[in-house]
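Shown here: target27.tsv, TSV, C-alpha atoms.
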chain	number	residue	atom	x	y	z
G	1	MET	CA	170.43	-37.52	28.91
G	2	ILE	CA	168.24	-34.44	29.20
G	3	PRO	CA	169.03	-32.20	32.17
G	4	VAL	CA	166.17	-31.47	34.54
G	5	ALA	CA	167.11	-27.80	34.80
G	6	PRO	CA	168.62	-26.23	31.69
G	7	VAL	CA	171.60	-23.95	32.02
G	8	CYS	CA	170.49	-20.32	32.01
G	9	ARG	CA	172.54	-17.25	31.20
G	10	GLY	CA	171.18	-14.21	32.98
G	11	GLY	CA	167.59	-15.51	32.91
G	12	THR	CA	167.64	-16.15	29.16
G	13	MET	CA	167.95	-19.37	27.20
G	14	ARG	CA	169.06	-20.49	23.80
G	15	ALA	CA	166.93	-22.49	21.36
G	16	ASN	CA	167.74	-25.99	22.59
G	17	GLU	CA	167.36	-24.92	26.22
G	18	LEU	CA	163.91	-23.49	25.48
G	19	VAL	CA	162.81	-26.79	23.94
G	20	VAL	CA	164.29	-28.79	26.84
G	21	GLU	CA	162.52	-26.55	29.38
G	22	LEU	CA	159.26	-26.88	27.43
G	23	GLY	CA	159.62	-30.64	27.77
G	24	VAL	CA	160.21	-30.29	31.51
G	25	LYS	CA	157.03	-28.18	31.83
G	26	LEU	CA	155.06	-30.70	29.73
G	27	GLY	CA	156.53	-33.66	31.60
G	28	ILE	CA	158.08	-35.23	28.50
G	29	PRO	CA	161.71	-35.49	27.39
G	30	LEU	CA	162.29	-33.02	24.56
G	31	ARG	CA	165.38	-31.81	22.77
G	32	LEU	CA	166.32	-30.68	19.31
G	33	SER	CA	167.65	-33.46	17.09
G	34	GLU	CA	171.14	-33.35	15.59
G	35	ALA	CA	169.51	-31.63	12.60
G	36	GLY	CA	168.16	-28.96	14.98
G	37	THR	CA	164.51	-30.01	14.73
G	38	CYS	CA	161.76	-31.20	17.04
G	39	ARG	CA	158.00	-31.76	16.65
G	40	VAL	CA	155.60	-31.42	19.55
G	41	THR	CA	151.92	-32.33	19.32
G	42	PHE	CA	149.60	-30.20	21.46
G	43	ASP	CA	146.35	-32.19	21.45
G	44	ASP	CA	145.85	-32.54	17.65
G	45	ASP	CA	148.14	-29.67	16.67
G	46	ASP	CA	151.63	-30.47	15.40
G	47	VAL	CA	154.13	-27.70	16.02
G	48	ASP	CA	157.63	-27.92	14.54
G	49	PHE	CA	160.67	-26.28	16.10
G	50	GLU	CA	163.78	-25.76	14.01
G	51	GLN	CA	167.01	-24.08	15.03
G	52	SER	CA	169.00	-22.13	12.47
G	53	GLY	CA	171.94	-20.21	13.91
G	54	ASP	CA	170.66	-18.23	16.88
G	55	ALA	CA	167.04	-18.39	15.64
G	56	LEU	CA	164.38	-20.87	16.71
G	57	TYR	CA	161.64	-21.19	14.08
G	58	ILE	CA	158.21	-22.29	15.27
G	59	MET	CA	156.00	-23.57	12.45
G	60	ALA	CA	152.66	-25.30	12.01
G	61	GLU	CA	150.44	-26.15	9.09
G	62	ILE	CA	147.01	-24.56	9.36
G	63	ALA	CA	145.14	-26.18	6.45
G	64	SER	CA	145.36	-27.05	2.79
G	65	ALA	CA	145.25	-24.05	0.48
G	66	ALA	CA	143.81	-26.06	-2.40
G	67	GLY	CA	140.66	-24.35	-3.63
G	68	ARG	CA	140.78	-21.76	-0.83
G	69	GLU	CA	141.64	-18.65	-2.81
G	70	ASP	CA	138.58	-17.13	-1.14
G	71	ALA	CA	140.44	-17.16	2.20
G	72	CYS	CA	143.52	-15.24	1.06
G	73	GLY	CA	142.19	-11.75	1.63
G	74	ARG	CA	141.00	-12.57	5.14
G	75	LEU	CA	144.30	-14.26	6.02
G	76	LEU	CA	146.32	-11.32	4.69
G	77	THR	CA	144.22	-8.94	6.78
G	78	ALA	CA	144.75	-11.12	9.86
G	79	ASN	CA	148.47	-11.23	9.17
G	80	TRP	CA	148.84	-7.42	9.03
G	81	LEU	CA	151.12	-6.47	11.93
G	82	GLY	CA	150.27	-9.78	13.63
G	83	ALA	CA	146.88	-8.38	14.61
G	84	GLU	CA	145.01	-11.69	14.43
G	85	SER	CA	147.87	-14.14	14.38
G	86	GLY	CA	149.16	-13.95	17.92
G	87	GLY	CA	152.15	-11.98	16.68
G	88	ALA	CA	153.13	-14.80	14.33
G	89	CYS	CA	152.99	-14.74	10.53
G	90	ILE	CA	150.51	-16.49	8.26
G	91	GLY	CA	151.94	-17.63	4.97
G	92	LEU	CA	151.63	-20.09	2.13
G	93	ASP	CA	153.89	-23.13	2.10
G	94	ALA	CA	154.03	-23.44	-1.69
G	95	GLU	CA	155.77	-26.81	-1.54
G	96	ARG	CA	152.87	-28.35	0.40
G	97	ASN	CA	150.18	-25.96	-0.95
G	98	ALA	CA	149.12	-25.26	2.61
G	99	PHE	CA	148.52	-22.23	4.76
G	100	ALA	CA	151.01	-22.13	7.61
G	101	LEU	CA	151.74	-20.15	10.75
G	102	TYR	CA	155.28	-19.37	11.83
G	103	ALA	CA	157.16	-17.33	14.39
G	104	VAL	CA	160.84	-16.76	15.08
G	105	GLU	CA	162.60	-16.45	18.42
G	106	ARG	CA	166.04	-14.87	18.00
G	107	GLY	CA	169.00	-14.95	20.36
G	108	ASP	CA	168.55	-15.46	24.06
G	109	VAL	CA	165.01	-15.09	25.43
G	110	SER	CA	163.56	-15.97	28.79
G	111	TYR	CA	161.53	-19.15	29.05
G	112	GLU	CA	158.57	-17.11	30.32
G	113	GLU	CA	158.58	-14.94	27.15
G	114	PHE	CA	158.92	-18.05	24.98
G	115	GLU	CA	156.03	-19.81	26.70
G	116	ALA	CA	153.77	-16.75	26.48
G	117	ARG	CA	154.45	-16.35	22.74
G	118	LEU	CA	154.06	-20.10	22.14
G	119	THR	CA	150.68	-19.99	23.91
G	120	LEU	CA	149.53	-17.16	21.61
G	121	PHE	CA	150.89	-19.10	18.63
G	122	ILE	CA	148.87	-22.21	19.52
G	123	ARG	CA	145.71	-20.15	20.14
G	124	ALA	CA	146.08	-18.48	16.75
G	125	LEU	CA	146.78	-21.84	15.09
G	126	ARG	CA	143.62	-23.35	16.55
G	127	TYR	CA	141.52	-20.34	15.61
G	128	TRP	CA	142.64	-20.36	11.96
G	129	LYS	CA	142.34	-24.16	11.68
G	130	GLU	CA	138.75	-23.90	12.85
G	131	TRP	CA	138.03	-20.89	10.62
G	132	LEU	CA	139.45	-22.59	7.53
G	133	ALA	CA	137.50	-25.77	8.28
G	134	GLN	CA	134.28	-23.81	7.67
G	135	PRO	CA	133.18	-22.96	4.14
G	136	LEU	CA	133.33	-19.25	3.44
G	137	ALA	CA	130.23	-17.44	2.37
G	138	PRO	CA	130.65	-15.74	-0.99
G	139	SER	CA	131.19	-12.02	-0.55
G	140	PRO	CA	130.04	-9.46	-3.08
G	141	ALA	CA	132.79	-7.75	-5.05
G	142	SER	CA	133.53	-4.24	-3.86
G	143	PRO	CA	132.82	-1.37	-6.28
G	144	ALA	CA	136.53	-0.58	-6.47
G	145	MET	CA	137.29	-4.11	-7.67
G	146	GLU	CA	134.52	-3.95	-10.26
G	147	THR	CA	136.10	-0.78	-11.62
G	148	PHE	CA	139.25	-2.74	-12.48
G	149	SER	CA	137.55	-5.89	-13.71
G	150	ALA	CA	137.20	-4.53	-17.24
G	151	GLY	CA	141.00	-4.64	-17.64
G	152	MET	CA	141.48	-0.92	-17.70
G	153	ILE	CA	142.87	1.28	-14.97
G	154	ARG	CA	140.78	4.37	-14.36
G	155	ILE	CA	142.19	7.33	-12.47
Show how you would write the structure in this file as structure tokens.
Amino acid sequence: MIPVAPVCRGGTMRANELVVELGVKLGIPLRLSEAGTCRVTFDDDDVDFEQSGDALYIMAEIASAAGREDACGRLLTANWLGAESGGACIGLDAERNAFALYAVERGDVSYEEFEARLTLFIRALRYWKEWLAQPLAPSPASPAMETFSAGMIRI
């Protein structure tokens, strides 16, 4: 049975308590499975939660990476210091050949902090899903890249 009010320690919560409280806020019963995992669907966006030690991993697939080499530079730029990823990280799930977004909550955090970061995570996820759903316009190669295209490094 899921408690209505999770046990808090000094205003902070552990991974399972954060997931339980999220369920309370959403009005659905949520908890991590015995394997430490849980999937929540926000509209059409699946978000996976996975506990490992004191860390709660938050992960979501953005889009297939197949044939999208043209997007890598833009995604790396967006990933730099979390500038355009809501503080999360954009990466490549090589096993699924998909771009993914992930964040990590470590130790005890307040539910309010968790919810604020999760909100940014979902906003970033939706932005990048929409961006990757559009075909990219070809961009001209920069002069610096053309310099190296001949296979020789010039100093």
Fewer than 6 positions away in the same chain doesn't count, so skip those; otherwise give me all residues within 7 Å of Ala100 (chain G), counting all atoms listed in the file, as a PyMOL selection string. chain G and resi 60-62+90-93
Centre and edge lengths, as AutoDock Vina command-line options, for the axis-aligned box enclosing every listed atom of region 100-111 of chain G with 3 Å of padding on each of the six sides, in Å to one decimal?
--center_x 160.0 --center_y -18.5 --center_z 18.3 --size_x 24.0 --size_y 13.3 --size_z 27.4
Rounded to one decimal, what separation in Å do you get between CA of Ala124 (chain G) and CA of Glu84 (chain G)? 7.3 Å
Any idea what's packed within 8 Å of Gly36 (chain G), counting all atoms listed in the file, ignoring anything in its chain fewer than 5 positions away? Could you give it as a PyMOL selection string? chain G and resi 50-52
With only C-alpha atoms as the basis for distance, which of G:Gly82, G:Cys89, G:Leu118, G:Ala35 is at the shortest distance from Leu18 (chain G)?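 Smallest separation from Leu18 (chain G) among the options: G:Leu118.
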Calculated over only C-alpha atoms, which of the candidates G:Phe121, G:Tyr102, G:Tyr111, G:Tyr127 has the smallest distance to Ala15 (chain G)?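 Nearest to Ala15 (chain G): G:Tyr111.
Taking CA of Arg74 (chain G) and CA of Ala116 (chain G) as the two end points, the separation is 25.2 Å.
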Taking into account only C-alpha atoms, which residue in the set G:Gly87, G:Pro135, G:Gly27, G:Gly67 is nearest to Leu101 (chain G)? G:Gly87
Hey, which of G:Asn97, G:Ser110, G:Ser85, G:Asn16 ends up closest to Arg123 (chain G)? Count only C-alpha atoms.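 Using only C-alpha atoms, Arg123 (chain G) sits closest to G:Ser85.
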Work out how far apart CA of Cys72 (chain G) and CA of Phe42 (chain G) are and give it in Å to one decimal.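 Interatomic distance, CA of Cys72 (chain G) to CA of Phe42 (chain G): 26.0 Å.
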Quick one: region 84-96 of chain G with N, CA, C and O atoms, as an mmCIF file, keeping the file's coordinate frame?
data_model
loop_
_atom_site.group_PDB
_atom_site.id
_atom_site.type_symbol
_atom_site.label_atom_id
_atom_site.label_comp_id
_atom_site.auth_asym_id
_atom_site.auth_seq_id
_atom_site.Cartn_x
_atom_site.Cartn_y
_atom_site.Cartn_z
ATOM 1 N N GLU G 84 145.869 -10.542 14.130
ATOM 2 C CA GLU G 84 145.010 -11.690 14.430
ATOM 3 C C GLU G 84 145.766 -13.006 14.276
ATOM 4 O O GLU G 84 145.182 -14.032 13.952
ATOM 5 N N SER G 85 147.060 -12.933 14.512
ATOM 6 C CA SER G 85 147.870 -14.140 14.380
ATOM 7 C C SER G 85 148.732 -14.400 15.600
ATOM 8 O O SER G 85 149.686 -15.154 15.545
ATOM 9 N N GLY G 86 148.396 -13.756 16.695
ATOM 10 C CA GLY G 86 149.160 -13.950 17.920
ATOM 11 C C GLY G 86 150.588 -13.442 17.790
ATOM 12 O O GLY G 86 151.486 -13.932 18.469
ATOM 13 N N GLY G 87 150.803 -12.500 16.895
ATOM 14 C CA GLY G 87 152.150 -11.980 16.680
ATOM 15 C C GLY G 87 152.978 -12.811 15.731
ATOM 16 O O GLY G 87 154.091 -12.445 15.387
ATOM 17 N N ALA G 88 152.439 -13.937 15.295
ATOM 18 C CA ALA G 88 153.130 -14.800 14.330
ATOM 19 C C ALA G 88 152.771 -14.348 12.921
ATOM 20 O O ALA G 88 152.053 -13.367 12.740
ATOM 21 N N CYS G 89 153.264 -15.053 11.928
ATOM 22 C CA CYS G 89 152.990 -14.740 10.530
ATOM 23 C C CYS G 89 152.231 -15.876 9.873
ATOM 24 O O CYS G 89 152.535 -17.043 10.098
ATOM 25 N N ILE G 90 151.263 -15.511 9.056
ATOM 26 C CA ILE G 90 150.510 -16.490 8.260
ATOM 27 C C ILE G 90 151.095 -16.432 6.864
ATOM 28 O O ILE G 90 151.307 -15.358 6.311
ATOM 29 N N GLY G 91 151.373 -17.595 6.310
ATOM 30 C CA GLY G 91 151.940 -17.630 4.970
ATOM 31 C C GLY G 91 151.444 -18.829 4.201
ATOM 32 O O GLY G 91 150.616 -19.616 4.682
ATOM 33 N N LEU G 92 151.967 -18.959 2.986
ATOM 34 C CA LEU G 92 151.630 -20.090 2.130
ATOM 35 C C LEU G 92 152.876 -20.932 1.941
ATOM 36 O O LEU G 92 153.898 -20.444 1.445
ATOM 37 N N ASP G 93 152.818 -22.179 2.356
ATOM 38 C CA ASP G 93 153.890 -23.130 2.100
ATOM 39 C C ASP G 93 153.627 -23.677 0.702
ATOM 40 O O ASP G 93 152.807 -24.569 0.514
ATOM 41 N N ALA G 94 154.289 -23.095 -0.294
ATOM 42 C CA ALA G 94 154.030 -23.440 -1.690
ATOM 43 C C ALA G 94 154.375 -24.897 -1.989
ATOM 44 O O ALA G 94 153.715 -25.533 -2.812
ATOM 45 N N GLU G 95 155.369 -25.425 -1.319
ATOM 46 C CA GLU G 95 155.770 -26.810 -1.540
ATOM 47 C C GLU G 95 154.660 -27.785 -1.148
ATOM 48 O O GLU G 95 154.429 -28.784 -1.809
ATOM 49 N N ARG G 96 153.954 -27.483 -0.084
ATOM 50 C CA ARG G 96 152.870 -28.350 0.400
ATOM 51 C C ARG G 96 151.490 -27.836 -0.006
ATOM 52 O O ARG G 96 150.490 -28.472 0.304
#
